[in-house]
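S.K.: The structure follows.
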Amino acid sequence: MRIHVLPTKAFKTFAISLYAGVPLDESTVTSTALAPFVLRRGTATYPETTQFRERLEELYGAGFGFDIYKRGDYQIVQFRMDTINDSFVQSKESLLGESFAFLGEVLTRPLLEDGSFRASYVATERETVRKKLEAIVNDKMRYAAERCIEEMCRQEPYRLHPLGQRSDLDGITPASLYESYSAWLDGAILDLYVVGDTTPEEVEKLVLRHFGRSHKQVEAYASNFKPVTVSEVRTVEEKLDVNQGKLNMGLRTSITYSDDKYASALMYNGILGGYPHSKLFVNVREKESLAYYASSRYDGHKGIGTIQSGIETQNYDKAVDIIRKQLEELKAGNISDLELNQTKAMIRNLLSEIQDSAFELISFDFNRQLSGKDRSAQELLAQVDSTGAEDVKAAAGTFQLDTIYFLTGKGE
């Protein structure tokens with residue numbers, strides 16, 4: 001695995017993150033998502049979940065958790081631990097060392113029965129993942145956002161949800177899950193981060209001691225990005241039992257995180273719909289009262305933008321027209337100094353806050369591993385500050401409307 005140490009005395013804790021990334025794939029996405037849920041239930045040394053949690057308490061209440069998400073066409077599992085710095089407690093053992101021992105055991109020495117995962121844990125966690133996926137369907141705002149991506153990227157791995165597919169869950173057995181977990185661990189790109197008062201030498205020793213698993217040469221994340229040219233806008237309408245219509249739009253852009261124009265794309269998204277002063281919020285929601293909410297997001301690892309809004313179903317045509325008008329305004333360069341300055345201030349605040357959180361520092365640096373682009377927060381901030389209306393206009397010219405997705409009520 002690649003080891004990244006960010007030495008600092010700014011925090012009273014050690015923050016540890018282990019990223020394991022594999023390509024999004026329909027045949028493995030669900031089992032990869034299920035594995036960490038089972039891993040957190042018990043290990044060879046702490047087979048019962050209560051023992052697992054008690055061990056964290058013994059480490060002065062160390063935190064342990066994980067996230068599963070997608071970045072570009074990769075599915076990423078991130079394990080996190082935070083533990084208090086040894087110098088602030090009277091501990092006979094090194095808390096950093098014990099945290100590594102715990103994390104190493106979770107990942108490489110799971111509880112096994114007859115050569116596979118404990119059946120009861122697999123059955124329980126299958127239901128946990130199922131409920132999480134069902135919760136998306138029940139949250140119509142999230143559901144519409146996911147469906148828009150699914151329709152826009154229907155021929156790409158990115159259409160897959162990082163938690164997998166409900167239809168796959170019942171077919172996963174303790175034996176098949178252990179087999180896929182082993183393949184996942186062997187094939188994943190592993191990046192280990194530590195932020196705190198330590199050294200690269202100390203961390204390397206701890207890795208060798210507690211992750212005693214042979215691993216092939218670490219590969220870099222591959223950038224398979226190819227800009228998509230939109231020939232015509234596709235409209236998808238879906239009917240469910242909803243009171244409020246959900247109008248979502250997907251856009252394609254050639255600008256990604258590794259692009260020198262990334263700061264201009266960030267500014268574009270901020271002015272379009274990223275903040276309360278943005279064009280979508282002010283014009284669609286406030287002035288025209290057409291939407292209960294209206295915002296935009298930009299995924300720099302995939303090169304797509306999305307617009308989310310909640311509307312009365314009878315206002316569909318009006319809402320589409322006024323949202324399209326905001327896109328055209330940006331392409332025409334109709335951007336006020338106030339919009340530019342307020343957006344820069346919002347981005348400046350976000351980038352400044354990174355320094356206040358160890359895990360935000362880690363997350364920002366991990367973007368470098370994903371994209372291959374070495375850019376500090378300070379450099380990005382300087383690029384944002386020097387971005388003018390013409391730069392945003394140029395970025396706007398690369399954003400093409402691809403898909404309009406409308407979730408409407410059955411009674412309409």
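Going by the structure tokens order, chains are called A, B, ..., each with residues numbered from 1, while ligands are numbered from 1 in the order shown.
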Just the residues within 8 Å of Val392 (chain A), please, counting only C-alpha atoms, with nothing from its chain fewer than 6 positions along; format it as a VMD selection string.
M.R.: chain A and resid 264 to 265 267 to 268 330 333
S.K.: Could you give me, as a short mmCIF file (atom, residue, chain, number, x, y, z; two decimals) with all heavy atoms, in the first residue's frame, the residues within 7 Å of Val38 (chain A), counting only C-alpha atoms and dropping anything in the same chain fewer than 3 positions from it?
M.R.:
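Wrote it out as out21.cif, contents follow:
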```
data_model
loop_
_atom_site.label_atom_id
_atom_site.label_comp_id
_atom_site.auth_asym_id
_atom_site.auth_seq_id
_atom_site.Cartn_x
_atom_site.Cartn_y
_atom_site.Cartn_z
N LEU A 34 -20.87 -4.87 0.73
CA LEU A 34 -21.31 -5.63 1.90
C LEU A 34 -20.15 -6.00 2.83
O LEU A 34 -20.31 -6.05 4.06
CB LEU A 34 -22.05 -6.89 1.44
CG LEU A 34 -22.58 -7.85 2.52
CD1 LEU A 34 -23.52 -7.13 3.48
CD2 LEU A 34 -23.28 -9.04 1.87
N ALA A 35 -18.97 -6.23 2.26
CA ALA A 35 -17.84 -6.73 3.04
C ALA A 35 -17.51 -5.88 4.28
O ALA A 35 -17.39 -6.42 5.38
CB ALA A 35 -16.61 -6.88 2.15
N ARG A 41 -18.25 -6.31 12.34
CA ARG A 41 -18.99 -7.07 13.35
C ARG A 41 -18.08 -7.84 14.30
O ARG A 41 -18.42 -8.06 15.46
CB ARG A 41 -19.97 -8.04 12.66
CG ARG A 41 -21.12 -7.36 11.94
CD ARG A 41 -21.99 -6.56 12.89
NE ARG A 41 -22.55 -7.39 13.95
CZ ARG A 41 -23.68 -8.07 13.86
NH1 ARG A 41 -24.39 -8.04 12.73
NH2 ARG A 41 -24.12 -8.78 14.88
N TYR A 121 -23.77 -13.01 10.87
CA TYR A 121 -23.33 -11.65 10.58
C TYR A 121 -23.66 -11.27 9.13
O TYR A 121 -24.12 -10.16 8.86
CB TYR A 121 -21.82 -11.50 10.82
CG TYR A 121 -21.41 -11.48 12.28
CD1 TYR A 121 -20.06 -11.50 12.64
CD2 TYR A 121 -22.35 -11.42 13.30
CE1 TYR A 121 -19.66 -11.48 13.97
CE2 TYR A 121 -21.97 -11.39 14.63
CZ TYR A 121 -20.63 -11.43 14.96
OH TYR A 121 -20.24 -11.39 16.29
N VAL A 122 -23.44 -12.20 8.22
CA VAL A 122 -23.71 -11.93 6.80
C VAL A 122 -25.21 -11.68 6.61
O VAL A 122 -25.62 -10.74 5.91
CB VAL A 122 -23.23 -13.10 5.90
CG1 VAL A 122 -23.67 -12.89 4.45
CG2 VAL A 122 -21.71 -13.23 5.98
N GLU A 125 -26.17 -8.20 8.09
CA GLU A 125 -25.63 -7.06 7.34
C GLU A 125 -26.19 -6.98 5.92
O GLU A 125 -26.24 -5.89 5.35
CB GLU A 125 -24.10 -7.09 7.33
CG GLU A 125 -23.48 -6.98 8.72
CD GLU A 125 -24.00 -5.81 9.54
OE1 GLU A 125 -24.22 -4.72 8.97
OE2 GLU A 125 -24.23 -5.98 10.75
#
```
S.K.: Which residues of region 75-113 of chain A sit at most 7 Å from region 193-215 of chain A, using only C-alpha atoms? Give each one's shortest atom pair and distance in Å (one decimal place), in chain and ascending residue order, as a tab-separated table.
M.R.:
```
residue	atom	partner	partner_atom	distance
A:Gly97	CA	A:Leu206	CA	6.4
A:Phe100	CA	A:His210	CA	6.4
A:Ala101	CA	A:His210	CA	5.3
A:Gly104	CA	A:Phe211	CA	5.1
```
S.K.: Between A:Ala220, A:Leu290, A:Ala263, A:Ile271, which residue has the minimum interatomic distance to Arg368 (chain A), considering only C-alpha atoms?
M.R.: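 That would be A:Ala220, the residue with the smallest distance to Arg368 (chain A).
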S.K.: Give me the residues of region 104-201 of chain A that have any atom at most 8 Å from an atom of region 244-259 of chain A; for each, the nearest atom pair and the distance in Å, rounded to one decimal. Use only C-alpha atoms, sort by chain and number, and format it as JSON lines.
M.R.:
```
{"residue": "A:Lys140", "atom": "CA", "partner": "A:Lys246", "partner_atom": "CA", "distance": 7.7}
{"residue": "A:Met141", "atom": "CA", "partner": "A:Lys246", "partner_atom": "CA", "distance": 6.8}
{"residue": "A:Ala144", "atom": "CA", "partner": "A:Lys246", "partner_atom": "CA", "distance": 6.4}
{"residue": "A:Ala145", "atom": "CA", "partner": "A:Asn248", "partner_atom": "CA", "distance": 6.5}
{"residue": "A:Cys148", "atom": "CA", "partner": "A:Asn248", "partner_atom": "CA", "distance": 6.4}
{"residue": "A:Ile149", "atom": "CA", "partner": "A:Gly250", "partner_atom": "CA", "distance": 7.0}
{"residue": "A:Met152", "atom": "CA", "partner": "A:Gly250", "partner_atom": "CA", "distance": 6.7}
```
S.K.: Figure out the distance between CA of Leu192 (chain A) and CA of Ser99 (chain A), please, to one decimal in Å.
M.R.: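 Taking CA of Ser99 (chain A) and CA of Leu192 (chain A), their separation equals 13.1 Å.
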S.K.: What's around Gln78 (chain A) at 7 Å? Count only C-alpha atoms, leave out sequence neighbours fewer than 4 positions away in its own chain, and write the answer as a list in words.
M.R.: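 My list of contacting residues is Ser17, Leu18, Tyr19, Ala20, Phe66, Asp67 and Ile68 of chain A.
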S.K.: Could you save those same residues with N, CA and C atoms as a tab-separated table (two decimals), in the first residue's frame?
M.R.:
```tsv
chain	number	residue	atom	x	y	z
A	17	SER	N	-6.76	7.01	7.95
A	17	SER	CA	-7.71	6.64	6.90
A	17	SER	C	-7.05	5.62	5.98
A	18	LEU	N	-7.79	4.57	5.69
A	18	LEU	CA	-7.32	3.59	4.71
A	18	LEU	C	-8.34	3.54	3.58
A	19	TYR	N	-7.88	3.88	2.38
A	19	TYR	CA	-8.74	3.85	1.20
A	19	TYR	C	-8.44	2.59	0.40
A	20	ALA	N	-9.49	1.89	0.01
A	20	ALA	CA	-9.35	0.71	-0.86
A	20	ALA	C	-10.25	0.92	-2.06
A	66	PHE	N	-16.56	3.58	8.62
A	66	PHE	CA	-16.19	3.44	7.20
A	66	PHE	C	-17.24	4.12	6.33
A	67	ASP	N	-16.84	4.46	5.13
A	67	ASP	CA	-17.74	5.02	4.11
A	67	ASP	C	-17.52	4.25	2.82
A	68	ILE	N	-18.57	4.21	2.00
A	68	ILE	CA	-18.47	3.58	0.68
A	68	ILE	C	-19.02	4.59	-0.32
```
S.K.: Let's see if you can do this: from backbone DSSP, list all strand (DSSP E or B) residues in region 304-367 of chain A, as a PyMOL selection string.
M.R.: chain A and resi 304-311
S.K.: Which residues, written as a PyMOL selection string, have at least one atom at most 7 Å from region 225-238 of chain A, with only C-alpha atoms counted and residues fewer than 3 positions away on the same chain left out?
M.R.: chain A and resi 252-254+400-408
S.K.: Let me make sure I understand: among A:Trp184, A:Glu48, A:Lys9, A:Ser176, which one has the smallest atom-to-atom distance to Val22 (chain A) if we use only C-alpha atoms?
M.R.: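 Going through A:Trp184, A:Glu48, A:Lys9, A:Ser176 one by one, the smallest distance to Val22 (chain A) is for A:Trp184.
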S.K.: For CA of Ile172 (chain A) and CA of Gln75 (chain A), quote the distance in Å rounded to one decimal.
M.R.: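 It comes out at 18.6 Å.
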